[in-house]
Every structure is written in C-alpha cells, then in structure tokens.
Amino acid sequence: MTIKLDFENKAGVKKNKVPRTYSLKGATSLSGKYKFADKDVTVVYGAHGVQNGTKYGAEVVYTYTEL
C-alpha cells in the first residue's frame, strides 16, 4: 500500500508535501499521523494505492478534503 498527501492553501499554492508512505508487503492497513506547519492550508489531496495483490489488480483511489 502507498499513501501520498499534498496540502494547498486557498489560492491553490502547494504548501507542504508528505513523502510517499509505504506499508510492508502483505499489510491490510496503513495509518500514520501527518503534521503540517502552515496554518493557511485549506485543502488536502490524497492518493491511496494498492498493488501486488493476489485477488485483484493494482488500483489507486484519489480523494481530497477541505479544512
């Protein structure tokens, strides 16, 4: 599993990037705490990828949330 996050302010300027986070092979979940310093961040974009499974092919889910 892979998680990638990007943070933007109201003007659409990227403020922080969180490096990709990878799980161990065979993991069924991945969690963590992500901190960012800029108080003007209003949107978080995320991508969650799953690959190398035995039942399904590789997939990625994109999402965002407004703060």
# chains A, B, ... in the order shown; residues from 1 in each chain; ligands from 1
>>> residues_around(residues="Ser31 of chain A", least_positions_apart="3", cutoff="12 Å", atoms="only C-alpha atoms", output="PyMOL selection string")
chain A and resi 1-4+21-24+27-28+34+48
>>> write_last_selection(atoms="C-alpha atoms", output="tab-separated table (two decimals), in the first residue's frame")
chain	number	residue	atom	x	y	z
A	1	MET	CA	0.00	0.00	0.00
A	2	THR	CA	1.09	3.55	-0.67
A	3	ILE	CA	-0.22	6.87	0.66
A	4	LYS	CA	0.69	10.29	-0.79
A	21	THR	CA	4.45	6.27	2.83
A	22	TYR	CA	4.72	2.56	2.06
A	23	SER	CA	3.41	-0.42	4.00
A	24	LEU	CA	5.15	-3.73	4.46
A	27	ALA	CA	-0.27	-5.40	5.03
A	28	THR	CA	-4.02	-4.83	5.01
A	34	TYR	CA	0.74	13.77	9.40
A	48	HIS	CA	-4.02	5.67	-1.87
>>> closest_residue(among="A:Glu66, A:Gly12, A:Val60, A:Arg20", to="Val44 of chain A", atoms="only C-alpha atoms")
A:Glu66
>>> residues_around(residues="Leu67 of chain A", least_positions_apart="4", cutoff="10 Å", atoms="only C-alpha atoms", output="JSON, numbers by chain")
{"A": [9, 40, 41, 42, 43, 44]}
